[in-house]
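The structure appears right after this line, and notes come after that.
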Amino acid sequence: MGRDKKKDVLLGTLDLLILRVVSSGSKHGYGIARRIEQISDDILNVQQGSLYPALHRLEKKSFIKAEWQTGETNKPIKMYTLTKEGESQLKEEVAHWKLVSAAVNTVISKA
């Protein structure tokens, strides 16, 4: 799908998507954004201007923790890992998303 078909991540879903991606293992910021794009078949586009504030917000809430590691090119990279609090938050956000998306689908199909 071409770049013009990509959509910015839906408002209010970025935290959920980040938590879900990080739940599968530690990732650096760029890797998180690319994984969201990859899983969504290049439909969702995560801009750096949205990603890094979201990562800082999630870290501040103790849903993820950041740790500096040495990358493949011997440069330091910040890796993000899901915390126990983050696991609980992810479960809550997934349940909420399922409820909201079902309601939206109902409105779309009946309007």
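Each chain in the structure tokens gets a letter, A, B, ..., in the order shown, and its residues are numbered from 1; ligands are numbered from 1 in order too.
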
- Item | Per-residue DSSP, chain A, filtered to helix (DSSP H, G or I), as a PyMOL selection string | chain A and resi 3-5+14-22+29-39+48-60+84-110

message = as JSON, numbers by chain, please: the residues near A:Ile64 (cut-off 8 Å, only C-alpha atoms, same-chain neighbours under 3 positions excluded).
response = {"A": [19, 55, 58, 59, 61, 80, 81, 82, 83, 86]}

Dump N, CA and C atoms for the selected residues as a CSV table (one decimal), in the first residue's frame?
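Writing done, so here's selection05.csv:
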```csv
chain,number,residue,atom,x,y,z
A,19,LEU,N,1.7,-0.5,24.1
A,19,LEU,CA,1.7,-1.6,25.2
A,19,LEU,C,1.6,-3.0,24.6
A,55,LEU,N,5.6,7.4,24.7
A,55,LEU,CA,6.6,6.5,25.4
A,55,LEU,C,6.9,7.1,26.8
A,58,LEU,N,3.9,6.8,29.1
A,58,LEU,CA,3.7,5.5,29.6
A,58,LEU,C,4.8,5.1,30.6
A,59,GLU,N,6.0,5.6,30.4
A,59,GLU,CA,7.1,5.4,31.4
A,59,GLU,C,6.8,6.1,32.7
A,61,LYS,N,3.9,6.8,33.9
A,61,LYS,CA,2.9,6.1,34.6
A,61,LYS,C,3.3,4.7,35.1
A,80,TYR,N,12.5,-0.4,25.6
A,80,TYR,CA,11.3,-0.3,26.4
A,80,TYR,C,10.7,-1.7,26.7
A,81,THR,N,10.4,-1.9,28.0
A,81,THR,CA,9.9,-3.2,28.4
A,81,THR,C,8.6,-3.0,29.2
A,82,LEU,N,7.6,-3.9,29.0
A,82,LEU,CA,6.3,-3.8,29.7
A,82,LEU,C,6.5,-4.1,31.2
A,83,THR,N,5.9,-3.4,32.1
A,83,THR,CA,6.0,-3.7,33.6
A,83,THR,C,4.7,-4.5,34.0
A,86,GLY,N,1.9,-2.3,33.6
A,86,GLY,CA,1.6,-2.2,32.1
A,86,GLY,C,0.8,-3.4,31.6
```

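Among the candidates A:Val22, A:Met79, A:Ala95, A:Ile108, the one nearest to A:Arg35 when counting only C-alpha atoms is A:Val22.
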
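Residue nearest A:Phe63 within the list A:Gln47, A:Lys110, A:Leu16, A:Gly31: A:Leu16 [criterion: smallest interatomic distance, only C-alpha atoms].
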
Give me the residues near A:Lys78 as a PDB file with N, CA and C atoms, in the first residue's frame, where near means some atom within 12 Å (using only C-alpha atoms) and where sequence neighbours in that chain fewer than 4 positions away do not count.
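Result file is part.pdb:
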```pdb
ATOM      1  N   SER A  26      11.046  -6.610  24.583  1.00  0.00           N
ATOM      2  CA  SER A  26      11.664  -5.279  24.598  1.00  0.00           C
ATOM      3  C   SER A  26      11.901  -4.769  23.189  1.00  0.00           C
ATOM      4  N   LYS A  27      11.632  -3.489  23.011  1.00  0.00           N
ATOM      5  CA  LYS A  27      11.838  -2.853  21.706  1.00  0.00           C
ATOM      6  C   LYS A  27      12.288  -1.420  21.922  1.00  0.00           C
ATOM      7  N   HIS A  28      13.011  -0.889  20.949  1.00  0.00           N
ATOM      8  CA  HIS A  28      13.354   0.531  20.977  1.00  0.00           C
ATOM      9  C   HIS A  28      12.251   1.295  20.253  1.00  0.00           C
ATOM     10  N   GLY A  29      12.236   2.615  20.417  1.00  0.00           N
ATOM     11  CA  GLY A  29      11.156   3.433  19.879  1.00  0.00           C
ATOM     12  C   GLY A  29      10.901   3.229  18.399  1.00  0.00           C
ATOM     13  N   TYR A  30      11.952   3.306  17.592  1.00  0.00           N
ATOM     14  CA  TYR A  30      11.790   3.136  16.150  1.00  0.00           C
ATOM     15  C   TYR A  30      11.236   1.743  15.841  1.00  0.00           C
ATOM     16  N   GLY A  31      11.701   0.741  16.577  1.00  0.00           N
ATOM     17  CA  GLY A  31      11.214  -0.625  16.368  1.00  0.00           C
ATOM     18  C   GLY A  31       9.745  -0.773  16.696  1.00  0.00           C
ATOM     19  N   ILE A  32       9.287  -0.050  17.713  1.00  0.00           N
ATOM     20  CA  ILE A  32       7.862  -0.075  18.074  1.00  0.00           C
ATOM     21  C   ILE A  32       7.023   0.494  16.933  1.00  0.00           C
ATOM     22  N   TYR A  52       7.227   9.391  20.740  1.00  0.00           N
ATOM     23  CA  TYR A  52       8.099   9.627  21.893  1.00  0.00           C
ATOM     24  C   TYR A  52       7.386  10.284  23.068  1.00  0.00           C
ATOM     25  N   LEU A  55       5.640   7.354  24.679  1.00  0.00           N
ATOM     26  CA  LEU A  55       6.567   6.502  25.424  1.00  0.00           C
ATOM     27  C   LEU A  55       6.918   7.135  26.770  1.00  0.00           C
ATOM     28  N   HIS A  56       7.186   8.434  26.774  1.00  0.00           N
ATOM     29  CA  HIS A  56       7.502   9.125  28.031  1.00  0.00           C
ATOM     30  C   HIS A  56       6.308   9.098  28.980  1.00  0.00           C
ATOM     31  N   GLU A  59       5.987   5.632  30.412  1.00  0.00           N
ATOM     32  CA  GLU A  59       7.068   5.407  31.369  1.00  0.00           C
ATOM     33  C   GLU A  59       6.772   6.131  32.691  1.00  0.00           C
ATOM     34  N   ILE A  64       5.592   1.106  31.344  1.00  0.00           N
ATOM     35  CA  ILE A  64       6.778   0.578  30.671  1.00  0.00           C
ATOM     36  C   ILE A  64       7.996   1.095  31.423  1.00  0.00           C
ATOM     37  N   LYS A  65       9.108   0.399  31.251  1.00  0.00           N
ATOM     38  CA  LYS A  65      10.354   0.914  31.803  1.00  0.00           C
ATOM     39  C   LYS A  65      11.362   0.984  30.666  1.00  0.00           C
ATOM     40  N   ALA A  66      12.241   1.964  30.766  1.00  0.00           N
ATOM     41  CA  ALA A  66      13.247   2.182  29.737  1.00  0.00           C
ATOM     42  C   ALA A  66      14.616   1.850  30.301  1.00  0.00           C
ATOM     43  N   GLU A  67      15.431   1.276  29.437  1.00  0.00           N
ATOM     44  CA  GLU A  67      16.780   0.900  29.841  1.00  0.00           C
ATOM     45  C   GLU A  67      17.714   1.121  28.658  1.00  0.00           C
ATOM     46  N   TRP A  68      18.823   1.786  28.923  1.00  0.00           N
ATOM     47  CA  TRP A  68      19.807   2.014  27.866  1.00  0.00           C
ATOM     48  C   TRP A  68      20.611   0.750  27.643  1.00  0.00           C
ATOM     49  N   GLN A  69      20.749   0.367  26.372  1.00  0.00           N
ATOM     50  CA  GLN A  69      21.548  -0.795  25.986  1.00  0.00           C
ATOM     51  C   GLN A  69      22.416  -0.413  24.803  1.00  0.00           C
ATOM     52  N   THR A  70      23.384  -1.240  24.522  1.00  0.00           N
ATOM     53  CA  THR A  70      24.236  -1.014  23.357  1.00  0.00           C
ATOM     54  C   THR A  70      23.597  -1.705  22.160  1.00  0.00           C
ATOM     55  N   GLY A  71      23.383  -0.942  21.093  1.00  0.00           N
ATOM     56  CA  GLY A  71      22.767  -1.489  19.895  1.00  0.00           C
ATOM     57  C   GLY A  71      23.768  -2.222  19.018  1.00  0.00           C
TER      58      GLY A  71
END
```
